[in-house]
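J.: Dropping in query-v7.txt, with compact mmCIF, C-alpha atoms and all ligand atoms.
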```
# COMPACT_ATOMS: atom_id res chain seq x y z
CA ALA A 1 -94.25 -26.15 -124.11
CA LEU A 2 -93.62 -27.04 -127.73
CA THR A 3 -96.32 -28.93 -129.60
CA ALA A 4 -96.68 -30.65 -132.96
CA GLY A 5 -99.85 -30.30 -135.02
CA ILE A 6 -101.42 -33.18 -136.90
CA VAL A 7 -102.78 -32.04 -140.24
CA GLY A 8 -104.13 -33.74 -143.34
CA LEU A 9 -107.10 -33.74 -145.70
CA PRO A 10 -110.40 -35.22 -144.49
CA ASN A 11 -110.67 -39.04 -144.39
CA VAL A 12 -106.94 -39.76 -144.38
CA GLY A 13 -106.96 -41.23 -140.85
CA LYS A 14 -106.09 -38.25 -138.64
CA SER A 15 -108.78 -38.86 -136.03
CA THR A 16 -107.97 -42.55 -135.89
CA LEU A 17 -104.32 -41.72 -135.27
CA PHE A 18 -105.13 -38.98 -132.80
CA ASN A 19 -107.41 -41.34 -130.87
CA ALA A 20 -104.55 -43.80 -130.64
CA ILE A 21 -102.41 -41.00 -129.25
CA THR A 22 -104.91 -40.02 -126.56
CA GLN A 23 -105.61 -43.63 -125.68
CA ALA A 24 -101.95 -44.56 -125.33
CA GLY A 25 -101.20 -41.15 -123.92
CA ALA A 26 -100.45 -39.98 -120.44
CA GLU A 27 -102.79 -38.36 -117.95
CA SER A 28 -102.20 -34.65 -117.76
CA ALA A 29 -102.18 -34.95 -113.94
CA ASN A 30 -98.65 -36.35 -114.20
CA TYR A 31 -97.54 -33.53 -116.45
CA PRO A 32 -98.86 -30.28 -115.02
CA PHE A 33 -97.22 -28.19 -117.75
CA CYS A 34 -99.50 -29.81 -120.33
CA THR A 35 -102.64 -28.19 -121.65
CA ILE A 36 -106.04 -29.67 -120.87
CA ASP A 37 -107.78 -29.43 -124.19
CA PRO A 38 -109.71 -32.11 -126.12
CA ASN A 39 -107.61 -31.36 -129.19
CA VAL A 40 -104.37 -32.00 -127.36
CA GLY A 41 -102.95 -35.45 -126.68
CA ILE A 42 -100.08 -36.01 -124.30
CA VAL A 43 -97.57 -38.71 -125.19
CA GLU A 44 -94.77 -40.17 -123.14
CA VAL A 45 -91.47 -40.37 -124.96
CA PRO A 46 -90.24 -43.96 -125.28
CA ASP A 47 -86.59 -44.09 -124.24
CA VAL A 48 -84.61 -47.28 -123.58
CA ARG A 49 -82.09 -45.26 -121.57
CA LEU A 50 -84.70 -44.70 -118.89
CA GLN A 51 -85.11 -48.45 -118.36
CA LYS A 52 -81.35 -48.88 -118.24
CA LEU A 53 -81.00 -46.16 -115.61
CA THR A 54 -83.80 -47.72 -113.60
CA GLU A 55 -81.97 -51.06 -113.56
CA LEU A 56 -78.81 -49.28 -112.48
CA VAL A 57 -80.18 -47.00 -109.76
CA LYS A 58 -83.21 -49.06 -108.64
CA PRO A 59 -85.35 -46.06 -107.67
CA LYS A 60 -88.82 -46.19 -106.09
CA LYS A 61 -90.33 -44.86 -109.30
CA THR A 62 -89.48 -44.00 -112.87
CA ILE A 63 -91.06 -41.13 -114.75
CA PRO A 64 -90.74 -40.68 -118.50
CA THR A 65 -90.96 -37.28 -120.12
CA ALA A 66 -93.88 -36.18 -122.27
CA PHE A 67 -94.95 -33.68 -124.88
CA GLU A 68 -98.08 -32.74 -126.79
CA PHE A 69 -99.70 -33.37 -130.14
CA THR A 70 -102.46 -31.05 -131.31
CA ASP A 71 -105.18 -32.33 -133.61
CA ILE A 72 -105.84 -29.74 -136.29
CA ALA A 73 -109.03 -30.61 -138.10
CA GLY A 74 -110.66 -29.24 -141.15
CA ILE A 75 -108.34 -28.29 -143.92
CA VAL A 76 -109.84 -28.39 -147.39
CA LYS A 77 -108.87 -26.91 -150.71
CA GLY A 78 -109.38 -23.15 -150.52
CA ALA A 79 -108.67 -22.86 -146.79
CA SER A 80 -106.43 -19.85 -147.35
CA LYS A 81 -109.48 -18.17 -148.93
CA GLY A 82 -111.63 -19.08 -145.94
CA GLU A 83 -113.17 -22.32 -147.27
CA GLY A 84 -114.17 -24.93 -144.71
CA LEU A 85 -112.69 -23.98 -141.38
CA GLY A 86 -110.15 -21.96 -143.37
CA ASN A 87 -108.91 -19.15 -141.18
CA GLN A 88 -109.46 -21.04 -137.97
CA PHE A 89 -107.42 -23.88 -139.35
CA LEU A 90 -104.57 -21.60 -140.31
CA SER A 91 -104.49 -19.89 -136.93
CA HIS A 92 -104.26 -23.31 -135.27
CA ILE A 93 -101.28 -24.19 -137.44
CA ARG A 94 -99.69 -20.89 -136.55
CA GLN A 95 -99.69 -21.96 -132.89
CA VAL A 96 -97.86 -25.25 -133.34
CA ASP A 97 -94.09 -25.62 -133.60
CA ALA A 98 -93.88 -28.44 -136.13
CA ILE A 99 -96.24 -30.26 -138.46
CA CYS A 100 -97.05 -33.96 -138.81
CA HIS A 101 -98.74 -34.25 -142.16
CA VAL A 102 -100.89 -37.38 -142.45
CA VAL A 103 -101.26 -38.76 -145.96
CA ARG A 104 -103.63 -41.48 -147.08
CA CYS A 105 -101.81 -44.45 -148.59
CA PHE A 106 -104.49 -47.07 -147.91
CA GLN A 107 -107.02 -48.33 -150.42
CA ASP A 108 -110.54 -48.80 -149.17
CA GLU A 109 -113.48 -48.45 -151.52
CA ASN A 110 -115.81 -47.88 -148.62
CA ILE A 111 -114.03 -44.76 -147.53
CA THR A 112 -114.50 -41.79 -149.78
CA HIS A 113 -111.50 -39.83 -150.82
CA VAL A 114 -112.16 -36.10 -151.02
CA SER A 115 -110.80 -35.82 -154.54
CA GLY A 116 -112.17 -39.13 -155.78
CA LYS A 117 -109.02 -41.26 -155.76
CA VAL A 118 -106.03 -42.04 -153.58
CA ASP A 119 -103.27 -39.69 -154.70
CA PRO A 120 -100.86 -38.83 -151.88
CA ILE A 121 -98.77 -36.31 -153.80
CA SER A 122 -101.76 -34.35 -154.95
CA ASP A 123 -103.02 -34.43 -151.32
CA ILE A 124 -99.72 -33.14 -149.97
CA GLU A 125 -99.58 -30.43 -152.60
CA THR A 126 -103.13 -29.34 -151.86
CA ILE A 127 -102.30 -28.65 -148.23
CA ASN A 128 -98.87 -27.22 -148.91
CA LEU A 129 -100.38 -24.84 -151.43
CA GLU A 130 -102.89 -23.53 -148.89
CA LEU A 131 -100.06 -22.83 -146.46
CA ILE A 132 -97.98 -21.17 -149.15
CA LEU A 133 -100.90 -18.97 -150.21
CA ALA A 134 -101.44 -17.87 -146.63
CA ASP A 135 -97.74 -17.01 -146.33
CA LEU A 136 -97.80 -15.23 -149.67
CA GLU A 137 -100.50 -12.97 -148.28
CA THR A 138 -98.43 -12.25 -145.15
CA VAL A 139 -95.42 -11.39 -147.27
CA THR A 140 -97.29 -9.25 -149.80
CA LYS A 141 -98.88 -7.18 -147.05
CA ARG A 142 -95.52 -6.64 -145.43
CA MET A 143 -93.95 -5.69 -148.77
CA GLN A 144 -96.54 -2.98 -149.27
CA ARG A 145 -95.59 -1.56 -145.89
CA VAL A 146 -91.84 -1.42 -146.35
CA GLU A 147 -91.76 -0.61 -150.07
CA LYS A 148 -91.83 3.15 -149.69
CA MET A 149 -89.12 3.25 -147.06
CA ALA A 150 -87.01 0.91 -149.16
CA ARG A 151 -87.28 3.19 -152.16
CA GLN A 152 -86.09 6.06 -149.98
CA LYS A 153 -82.98 3.94 -149.40
CA ASP A 154 -83.69 3.24 -145.76
CA LYS A 155 -81.11 0.54 -144.95
CA GLU A 156 -83.30 -1.60 -142.73
CA ALA A 157 -86.28 -1.41 -145.04
CA MET A 158 -84.07 -2.34 -148.00
CA ALA A 159 -82.73 -5.39 -146.19
CA GLU A 160 -86.23 -6.47 -145.26
CA TYR A 161 -87.52 -5.88 -148.76
CA GLU A 162 -84.83 -8.14 -150.16
CA VAL A 163 -85.87 -10.96 -147.83
CA LEU A 164 -89.53 -10.46 -148.63
CA SER A 165 -88.91 -10.49 -152.40
CA LYS A 166 -86.95 -13.68 -152.10
CA LEU A 167 -89.81 -15.30 -150.19
CA ASN A 168 -92.34 -13.92 -152.63
CA ASP A 169 -90.48 -15.48 -155.57
CA ALA A 170 -90.25 -18.80 -153.76
CA PHE A 171 -93.96 -18.84 -152.95
CA GLU A 172 -94.85 -18.09 -156.55
CA GLU A 173 -92.99 -21.24 -157.48
CA GLU A 174 -94.82 -23.10 -154.71
CA THR A 175 -91.64 -23.49 -152.67
CA PRO A 176 -92.07 -23.38 -148.87
CA ALA A 177 -90.10 -20.86 -146.80
CA ARG A 178 -88.11 -23.61 -145.06
CA ALA A 179 -86.52 -24.52 -148.42
CA VAL A 180 -85.20 -21.00 -149.06
CA SER A 181 -81.66 -20.25 -147.88
CA PHE A 182 -80.92 -17.06 -146.00
CA THR A 183 -78.03 -15.56 -144.09
CA GLU A 184 -78.21 -15.73 -140.32
CA GLU A 185 -79.20 -12.08 -140.17
CA GLN A 186 -81.97 -12.59 -142.74
CA GLN A 187 -83.13 -15.69 -140.92
CA LYS A 188 -84.06 -13.53 -137.94
CA LEU A 189 -86.28 -11.40 -140.15
CA VAL A 190 -87.90 -14.51 -141.60
CA GLN A 191 -88.58 -15.80 -138.09
CA SER A 192 -90.30 -12.58 -137.13
CA LEU A 193 -92.85 -13.19 -139.90
CA HIS A 194 -94.13 -16.40 -138.22
CA LEU A 195 -94.70 -18.10 -141.54
CA LEU A 196 -96.58 -21.38 -141.75
CA THR A 197 -94.17 -22.87 -144.28
CA SER A 198 -91.15 -22.12 -142.05
CA LYS A 199 -92.21 -24.87 -139.66
CA SER A 200 -90.52 -28.22 -139.96
CA VAL A 201 -92.60 -31.05 -141.32
CA LEU A 202 -92.67 -34.81 -141.31
CA TYR A 203 -94.99 -36.98 -143.34
CA VAL A 204 -97.04 -39.81 -141.88
CA ALA A 205 -97.93 -42.38 -144.53
CA ASN A 206 -101.09 -44.15 -143.36
CA VAL A 207 -101.15 -47.62 -144.92
CA GLY A 208 -103.70 -50.42 -144.77
CA GLU A 209 -103.53 -52.78 -141.80
CA ASP A 210 -102.31 -55.67 -143.98
CA GLU A 211 -99.60 -53.60 -145.62
CA LEU A 212 -97.60 -52.60 -142.59
CA LEU A 213 -94.84 -55.17 -143.06
CA GLU A 214 -94.42 -54.57 -146.76
CA ALA A 215 -94.92 -50.86 -146.73
CA ASP A 216 -92.12 -50.40 -149.21
CA ASN A 217 -94.10 -52.36 -151.79
CA ASN A 218 -96.84 -49.80 -151.45
CA GLU A 219 -96.43 -47.49 -154.45
CA TYR A 220 -98.06 -44.62 -152.60
CA VAL A 221 -95.50 -44.86 -149.80
CA GLN A 222 -92.75 -44.75 -152.43
CA LEU A 223 -94.25 -41.59 -153.91
CA VAL A 224 -94.40 -39.97 -150.48
CA ARG A 225 -90.80 -40.95 -149.77
CA ASN A 226 -89.60 -39.42 -153.03
CA PHE A 227 -91.54 -36.25 -152.38
CA ALA A 228 -90.30 -35.97 -148.80
CA ALA A 229 -86.69 -36.49 -149.88
CA LYS A 230 -86.90 -33.29 -151.91
CA ASP A 231 -88.26 -31.50 -148.84
CA GLU A 232 -85.56 -33.16 -146.68
CA ALA A 233 -88.41 -34.41 -144.53
CA GLU A 234 -88.77 -37.71 -142.72
CA VAL A 235 -91.50 -40.24 -143.50
CA ILE A 236 -93.07 -42.43 -140.83
CA VAL A 237 -95.19 -45.36 -141.96
CA VAL A 238 -98.13 -46.23 -139.73
CA SER A 239 -101.43 -48.00 -140.00
CA ALA A 240 -103.71 -45.78 -137.98
CA LYS A 241 -106.16 -48.64 -137.56
CA VAL A 242 -103.50 -50.96 -136.15
CA GLU A 243 -102.18 -48.18 -133.91
CA SER A 244 -105.60 -47.72 -132.36
CA GLU A 245 -105.63 -51.46 -131.55
CA ILE A 246 -102.09 -51.39 -130.11
CA ALA A 247 -102.97 -48.37 -128.00
CA GLU A 248 -105.61 -50.37 -126.15
CA LEU A 249 -103.02 -52.84 -124.91
CA GLU A 250 -100.40 -52.60 -122.21
CA GLY A 251 -97.35 -54.50 -121.00
CA GLU A 252 -97.05 -58.12 -122.01
CA GLU A 253 -100.20 -58.13 -124.10
CA ARG A 254 -98.83 -55.30 -126.10
CA GLU A 255 -95.47 -57.03 -126.61
CA MET A 256 -97.26 -60.15 -127.80
CA PHE A 257 -99.41 -58.24 -130.23
CA LEU A 258 -96.38 -56.45 -131.70
CA GLU A 259 -94.64 -59.80 -132.06
CA GLU A 260 -97.67 -61.23 -133.83
CA LEU A 261 -97.60 -58.28 -136.20
CA GLY A 262 -93.90 -58.87 -136.73
CA ILE A 263 -92.81 -55.39 -135.70
CA ALA A 264 -90.35 -54.33 -133.01
CA GLU A 265 -91.77 -50.89 -132.39
CA SER A 266 -95.23 -49.45 -132.95
CA GLY A 267 -95.61 -46.79 -135.63
CA LEU A 268 -96.83 -44.45 -132.94
CA ASP A 269 -93.63 -44.83 -130.93
CA GLN A 270 -91.63 -44.13 -134.08
CA LEU A 271 -93.78 -41.09 -134.75
CA ILE A 272 -93.34 -39.80 -131.18
CA LYS A 273 -89.56 -40.07 -131.37
CA ALA A 274 -89.31 -38.51 -134.81
CA THR A 275 -91.57 -35.63 -133.80
CA TYR A 276 -89.58 -35.03 -130.63
CA HIS A 277 -86.46 -34.54 -132.76
CA LEU A 278 -88.36 -32.47 -135.28
CA LEU A 279 -89.33 -30.08 -132.48
CA GLY A 280 -85.67 -29.71 -131.53
CA LEU A 281 -86.22 -31.41 -128.19
CA ALA A 282 -83.78 -33.54 -126.22
CA THR A 283 -83.73 -35.33 -122.87
CA TYR A 284 -81.68 -35.06 -119.74
CA PHE A 285 -82.10 -37.30 -116.71
CA THR A 286 -82.14 -37.02 -112.95
CA ALA A 287 -81.38 -40.21 -111.09
CA GLY A 288 -81.77 -40.76 -107.36
CA GLU A 289 -83.08 -43.39 -104.98
CA GLN A 290 -86.51 -41.77 -104.94
CA GLU A 291 -86.95 -41.47 -108.67
CA VAL A 292 -85.31 -41.73 -112.03
CA ARG A 293 -86.79 -39.22 -114.37
CA ALA A 294 -86.46 -37.95 -117.92
CA TRP A 295 -86.85 -34.22 -118.63
CA THR A 296 -87.46 -32.53 -121.94
CA PHE A 297 -85.44 -29.49 -122.93
CA GLU A 298 -85.05 -27.42 -126.05
CA LYS A 299 -81.61 -27.95 -127.55
CA GLY A 300 -79.33 -25.00 -126.95
CA ILE A 301 -80.27 -24.19 -123.35
CA LYS A 302 -77.77 -23.83 -120.51
CA ALA A 303 -77.61 -25.62 -117.18
CA PRO A 304 -79.57 -23.04 -115.10
CA GLN A 305 -82.51 -23.09 -117.55
CA ALA A 306 -82.43 -26.87 -117.52
CA ALA A 307 -82.64 -26.76 -113.73
CA GLY A 308 -85.55 -24.32 -114.06
CA ILE A 309 -87.56 -26.98 -115.91
CA ILE A 310 -87.71 -28.92 -112.63
CA HIS A 311 -88.41 -25.90 -110.46
CA SER A 312 -87.96 -22.15 -110.85
CA ASP A 313 -86.07 -22.07 -107.51
CA PHE A 314 -83.43 -24.38 -108.99
CA GLU A 315 -82.80 -21.81 -111.70
CA LYS A 316 -82.82 -18.76 -109.40
CA GLY A 317 -80.43 -20.30 -106.89
CA PHE A 318 -78.36 -22.29 -109.39
CA ILE A 319 -74.77 -22.95 -108.30
CA ARG A 320 -73.49 -25.92 -110.27
CA ALA A 321 -74.61 -29.06 -112.03
CA GLU A 322 -72.90 -32.33 -111.31
CA THR A 323 -73.07 -34.01 -114.68
CA VAL A 324 -72.20 -37.36 -116.21
CA SER A 325 -73.17 -38.52 -119.67
CA TYR A 326 -75.53 -41.47 -119.88
CA ASP A 327 -72.96 -43.52 -121.81
CA ASP A 328 -70.20 -42.88 -119.25
CA LEU A 329 -72.50 -43.70 -116.39
CA VAL A 330 -73.67 -46.98 -117.90
CA GLU A 331 -70.12 -47.94 -118.80
CA ALA A 332 -68.91 -47.22 -115.27
CA GLY A 333 -71.82 -49.17 -113.79
CA SER A 334 -72.73 -46.79 -110.96
CA GLU A 335 -72.59 -43.11 -110.07
CA GLN A 336 -69.86 -43.84 -107.54
CA ALA A 337 -67.74 -45.68 -110.13
CA ALA A 338 -68.29 -42.87 -112.66
CA LYS A 339 -66.99 -40.38 -110.08
CA GLU A 340 -63.95 -42.50 -109.29
CA LYS A 341 -63.13 -42.75 -112.99
CA GLY A 342 -63.31 -38.95 -113.24
CA LYS A 343 -66.28 -39.08 -115.60
CA THR A 344 -68.42 -36.78 -113.46
CA ARG A 345 -68.02 -33.08 -114.22
CA LEU A 346 -68.95 -29.98 -112.26
CA GLU A 347 -70.55 -27.63 -114.75
CA GLY A 348 -71.34 -23.95 -114.27
CA LYS A 349 -73.98 -21.56 -115.54
CA ASP A 350 -72.64 -21.45 -119.11
CA TYR A 351 -72.76 -25.17 -119.67
CA LEU A 352 -74.78 -26.23 -122.73
CA VAL A 353 -76.84 -29.21 -121.69
CA LYS A 354 -76.53 -32.26 -123.93
CA ASP A 355 -78.96 -35.02 -124.75
CA GLY A 356 -78.39 -37.91 -122.34
CA ASP A 357 -76.80 -35.86 -119.55
CA VAL A 358 -77.53 -37.23 -116.08
CA MET A 359 -77.61 -34.22 -113.76
CA HIS A 360 -77.67 -33.29 -110.10
CA PHE A 361 -78.30 -29.62 -109.52
CA ARG A 362 -76.79 -27.72 -106.62
CA PHE A 363 -78.59 -24.57 -105.68
CA ASN A 364 -79.12 -22.01 -102.94
CA VAL A 365 -82.55 -21.67 -101.40
P1 LIG B 1 -109.82 -38.00 -140.73
O1 LIG B 1 -110.98 -37.39 -141.43
O2 LIG B 1 -108.55 -37.72 -141.44
O3 LIG B 1 -109.75 -37.70 -139.29
O4 LIG B 1 -109.98 -39.58 -140.92
P2 LIG B 1 -110.54 -40.69 -139.92
O5 LIG B 1 -109.53 -41.04 -138.91
O6 LIG B 1 -111.88 -40.30 -139.43
O7 LIG B 1 -110.62 -41.90 -140.93
C1 LIG B 1 -111.53 -41.90 -142.02
C2 LIG B 1 -112.00 -43.31 -142.27
O8 LIG B 1 -110.87 -44.08 -142.72
C3 LIG B 1 -112.50 -44.00 -141.01
O9 LIG B 1 -113.62 -44.77 -141.37
C4 LIG B 1 -111.34 -44.89 -140.60
O10 LIG B 1 -111.78 -46.06 -139.93
C5 LIG B 1 -110.70 -45.23 -141.93
N1 LIG B 1 -109.28 -45.55 -141.79
C6 LIG B 1 -108.32 -44.85 -141.14
N2 LIG B 1 -107.14 -45.48 -141.23
C7 LIG B 1 -107.35 -46.61 -141.95
C8 LIG B 1 -106.53 -47.69 -142.39
O11 LIG B 1 -105.32 -47.75 -142.09
N3 LIG B 1 -107.14 -48.66 -143.14
C9 LIG B 1 -108.47 -48.61 -143.48
N4 LIG B 1 -108.98 -49.59 -144.22
N5 LIG B 1 -109.25 -47.63 -143.05
C10 LIG B 1 -108.72 -46.64 -142.32
```
Please render this file's structure as structure tokens.
Ligand code: GDP

T.:
Amino acid sequence: ALTAGIVGLPNVGKSTLFNAITQAGAESANYPFCTIDPNVGIVEVPDVRLQKLTELVKPKKTIPTAFEFTDIAGIVKGASKGEGLGNQFLSHIRQVDAICHVVRCFQDENITHVSGKVDPISDIETINLELILADLETVTKRMQRVEKMARQKDKEAMAEYEVLSKLNDAFEEETPARAVSFTEEQQKLVQSLHLLTSKSVLYVANVGEDELLEADNNEYVQLVRNFAAKDEAEVIVVSAKVESEIAELEGEEREMFLEELGIAESGLDQLIKATYHLLGLATYFTAGEQEVRAWTFEKGIKAPQAAGIIHSDFEKGFIRAETVSYDDLVEAGSEQAAKEKGKTRLEGKDYLVKDGDVMHFRFNV
């Protein structure tokens, strides 16, 4: 399963945020595909469509879908040279599929900042530079290997060398791999390098608990937004401290607390949704009298693979998927009505599953 890693310098609020995630998070018993690891937190994906479907179908139970965050501790300046937890840290980042980069935007004299003052851009650049240096090493090593073959005019080696040089130049200007444009063919080569700076990133601006409502007046948040815009990355504003308080509450109490704070949605919920998209994930639904359930899939998969997420037998014996889009179903008011209006389609094994599809799989056993 895909996972997002939480990174950031020490004392920016990572642990506080991660604790909120585990506290609010789901039990792994409900999600057997999830890892059981103290550094992994499972979150359920908030989705209003699931409530709507529940009202419509009135099932015995409703099950949201979930995915994982991994807490990656211990980056400091010099990590790419083995400082702090250096190499260990980098290998943990290598294993995640996207990065949530937590940045300190709160002022608190009692909490030491590693470089002496709050400076979010310098913090971001410190971490980004470590990742770029690690990638530079990967690329340089590879260049040494293909150089000779390339000079002997070996076509493949020449093509690879061109890609590597382009990356090398970018890294020397402190540009991450994700910002370099390549042809589709070259992109495959880049992917095979498993670079750290190829991974998509979003920034989490951690503001003080009293600043949540006026986050845009926070000059640090503005700086992060400007920086992220250049990186085409999203920024989520949270107050890790507030999130840890929200995470302790459920149901009505939670609603009341959010209302008191004057916010419609917790920062954590916003972060979960944004990260889900960042990972390239989407949701399809199954809806029956027994249960209404959301399922996570990676965008681009076809109907049989989607069926396989529920059970491998569904994929092996796949015949067809009876499919209606969430919007059509809600508009029609019931599955029966959707059928009568001709909104329900029978899709075969080449069907590309879309976000919001409500599916019934037909299969041979
Ligand atoms: P980490 O080293 O990045 O994991 O940071 P921690 O989560 O351990 O936070 C470092 C310190 O900052 C702790 O004492 C937290 O209570 C504090 N902290 C985290 N978020 C906030 C915040 O939004 N406001 C304030 N005032 N303190 C915070």

J.: Skip A:Phe106 itself and residues of its chain fewer than 3 positions away, then list as a VMD selection string all residues within 9 Å of it, counting only C-alpha atoms.

T.: chain A and resid 12 118 205 to 209 211 218 220 239

J.: Could you pull out the residues sitting within 8 Å of ligand LIG 1 (chain B), using only C-alpha atoms and all ligand atoms, and write them as an MDAnalysis selection string?

T.: chainID A and resid 8:18 73 102 104 106:108 111 206:209 238:242

J.: Near A:Arg320, within 10 Å and counting all atoms listed in the file, which residues show up once chain neighbours fewer than 2 positions away are dropped, as number ranges by chain?

T.: A: 303-304, 307, 317-318, 322-323, 345-351, 359-363

J.: Do you know which residues are at most 7 Å from A:Ile72 counting all atoms listed in the file, after dropping those on the same chain fewer than 5 positions away, and could you put them as a PyMOL selection string?

T.: chain A and resi 5-7+89+92

J.: Select, from A:Asp231, A:Asp355, A:Glu335, A:Asp269, the residue with the minimum atom-to-atom distance to A:Glu289, counting only C-alpha atoms.

T.: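 Under the stated criterion, the closest residue is A:Glu335.
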
J.: Interatomic distance between atom CA of A:Thr3 and atom CA of A:Leu279?

T.: 7.6 Å

J.: Using all atoms listed in the file, find the one residue out of A:Glu147, A:Asp119, A:Glu174, A:Glu255 that sits nearest to A:Leu133.

T.: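 Residue with the minimum atom-to-atom distance to A:Leu133: A:Glu174.
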
J.: Report the distance between atom CA of A:Met143 and atom CA of A:Asn168 in Å, rounded to one decimal place.

T.: 9.2 Å

J.: Please check which residues have atoms at most 7 Å from (-82.8, -41.6, -124.4) in the file's coordinates, counting only C-alpha atoms, and write them as a ChimeraX atom specification.

T.: /A:47-50,283,356

J.: Any idea what the distance is between atom CA of A:Phe314 and atom CA of A:Ala282?

T.: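 Result for atom CA of A:Phe314 versus atom CA of A:Ala282: 19.5 Å, one decimal.
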
J.: Which of these, A:Ala98, A:Leu329, A:Thr183, A:Arg225, has the shortest distance to A:Ser198 once you count all atoms listed in the file?

T.: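 The shortest atom-to-atom distance to A:Ser198 comes from A:Ala98.
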
J.: Counting all atoms listed in the file, which residue out of A:Gln290, A:Ser122, A:Ser192, A:Thr197 sits closest to A:Asp135?

T.: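 Nearest to A:Asp135: A:Thr197.
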
J.: Can you work out which one of A:Lys58, A:Tyr161, A:Thr344, A:Glu252 has the shortest atom-to-atom distance to A:Ala332, counting all atoms listed in the file?

T.: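 Between A:Lys58, A:Tyr161, A:Thr344, A:Glu252, the residue approaching A:Ala332 most closely is A:Thr344.
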
J.: Please determine, counting only C-alpha atoms, which residue among A:Thr296, A:Gln88, A:Ser200, A:Thr70 has the shortest atom-to-atom distance to A:Val45.

T.: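 Result for the nearest residue to A:Val45: A:Thr296.
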
J.: Padding 5 Å on every side, please: axis-aligned box over the listed atoms of stretch 154-172 of chain A, centre and edge lengths to one decimal in Å, as lines of an AutoDock Vina configuration file.

T.:
```
center_x = -88.0
center_y = -7.8
center_z = -149.6
size_x = 23.7
size_y = 32.1
size_z = 23.8
```

J.: Tell me, as a ChimeraX atom specification, which residues lie within 12 Å of A:Ile309, counting all atoms listed in the file; anything in the same chain fewer than 4 positions away does not count.

T.: /A:1,31-33,65,283-286,294-298,301-305,313-316,361

J.: Please produce a file of those selected residues containing C-alpha atoms, as a short mmCIF file (atom, residue, chain, number, x, y, z; two decimals), keeping the file's coordinate frame.

T.:
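What ended up in again-v8.cif:
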```
data_model
loop_
_atom_site.label_atom_id
_atom_site.label_comp_id
_atom_site.auth_asym_id
_atom_site.auth_seq_id
_atom_site.Cartn_x
_atom_site.Cartn_y
_atom_site.Cartn_z
CA ALA A 1 -94.25 -26.15 -124.11
CA TYR A 31 -97.54 -33.53 -116.45
CA PRO A 32 -98.86 -30.28 -115.02
CA PHE A 33 -97.22 -28.19 -117.75
CA THR A 65 -90.96 -37.28 -120.12
CA THR A 283 -83.73 -35.33 -122.87
CA TYR A 284 -81.68 -35.06 -119.74
CA PHE A 285 -82.10 -37.30 -116.71
CA THR A 286 -82.14 -37.02 -112.95
CA ALA A 294 -86.46 -37.95 -117.92
CA TRP A 295 -86.85 -34.22 -118.63
CA THR A 296 -87.46 -32.53 -121.94
CA PHE A 297 -85.44 -29.49 -122.93
CA GLU A 298 -85.05 -27.42 -126.05
CA ILE A 301 -80.27 -24.19 -123.35
CA LYS A 302 -77.77 -23.83 -120.51
CA ALA A 303 -77.61 -25.62 -117.18
CA PRO A 304 -79.57 -23.04 -115.10
CA GLN A 305 -82.51 -23.09 -117.55
CA ASP A 313 -86.07 -22.07 -107.51
CA PHE A 314 -83.43 -24.38 -108.99
CA GLU A 315 -82.80 -21.81 -111.70
CA LYS A 316 -82.82 -18.76 -109.40
CA PHE A 361 -78.30 -29.62 -109.52
#
```

J.: I'd like the neighbourhood of A:Lys273 as a list in words, where a residue qualifies if any of its atoms comes within 12 Å (using all atoms listed in the file), though same-chain residues fewer than 2 positions away should be ignored.

T.: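 Once the nearby chain positions are removed, what remains is Ala4, Val43, Glu44, Val45, Pro46, Asp47, Val48, Thr65, Ala66, Phe67, Leu202, Glu234, Ile236, Glu265, Ser266, Gly267, Leu268, Asp269, Gln270, Leu271, Thr275, Tyr276, His277, Leu278, Leu279, Gly280, Leu281, Ala282 and Thr283 of chain A.
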
J.: N, CA and C atoms for stretch 97-104 of chain A, written as a PDB file, keeping the file's coordinate frame, could you do that?

T.:
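Listed below is the output, out-v1.pdb:
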```
ATOM      1  N   ASP A  97     -95.513 -25.846-133.330  1.00  0.00           N
ATOM      2  CA  ASP A  97     -94.090 -25.620-133.600  1.00  0.00           C
ATOM      3  C   ASP A  97     -93.543 -26.520-134.698  1.00  0.00           C
ATOM      4  N   ALA A  98     -94.282 -27.568-135.034  1.00  0.00           N
ATOM      5  CA  ALA A  98     -93.880 -28.440-136.130  1.00  0.00           C
ATOM      6  C   ALA A  98     -95.139 -29.141-136.629  1.00  0.00           C
ATOM      7  N   ILE A  99     -95.043 -29.703-137.828  1.00  0.00           N
ATOM      8  CA  ILE A  99     -96.240 -30.260-138.460  1.00  0.00           C
ATOM      9  C   ILE A  99     -96.051 -31.737-138.801  1.00  0.00           C
ATOM     10  N   CYS A 100     -97.006 -32.570-138.372  1.00  0.00           N
ATOM     11  CA  CYS A 100     -97.050 -33.960-138.810  1.00  0.00           C
ATOM     12  C   CYS A 100     -98.175 -34.062-139.828  1.00  0.00           C
ATOM     13  N   HIS A 101     -97.788 -34.299-141.050  1.00  0.00           N
ATOM     14  CA  HIS A 101     -98.740 -34.250-142.160  1.00  0.00           C
ATOM     15  C   HIS A 101     -99.160 -35.671-142.530  1.00  0.00           C
ATOM     16  N   VAL A 102    -100.400 -36.013-142.206  1.00  0.00           N
ATOM     17  CA  VAL A 102    -100.890 -37.380-142.450  1.00  0.00           C
ATOM     18  C   VAL A 102    -101.389 -37.503-143.888  1.00  0.00           C
ATOM     19  N   VAL A 103    -100.933 -38.570-144.552  1.00  0.00           N
ATOM     20  CA  VAL A 103    -101.260 -38.760-145.960  1.00  0.00           C
ATOM     21  C   VAL A 103    -101.891 -40.138-146.142  1.00  0.00           C
ATOM     22  N   ARG A 104    -102.957 -40.201-146.880  1.00  0.00           N
ATOM     23  CA  ARG A 104    -103.630 -41.480-147.080  1.00  0.00           C
ATOM     24  C   ARG A 104    -102.902 -42.324-148.115  1.00  0.00           C
TER      25      ARG A 104
END
```
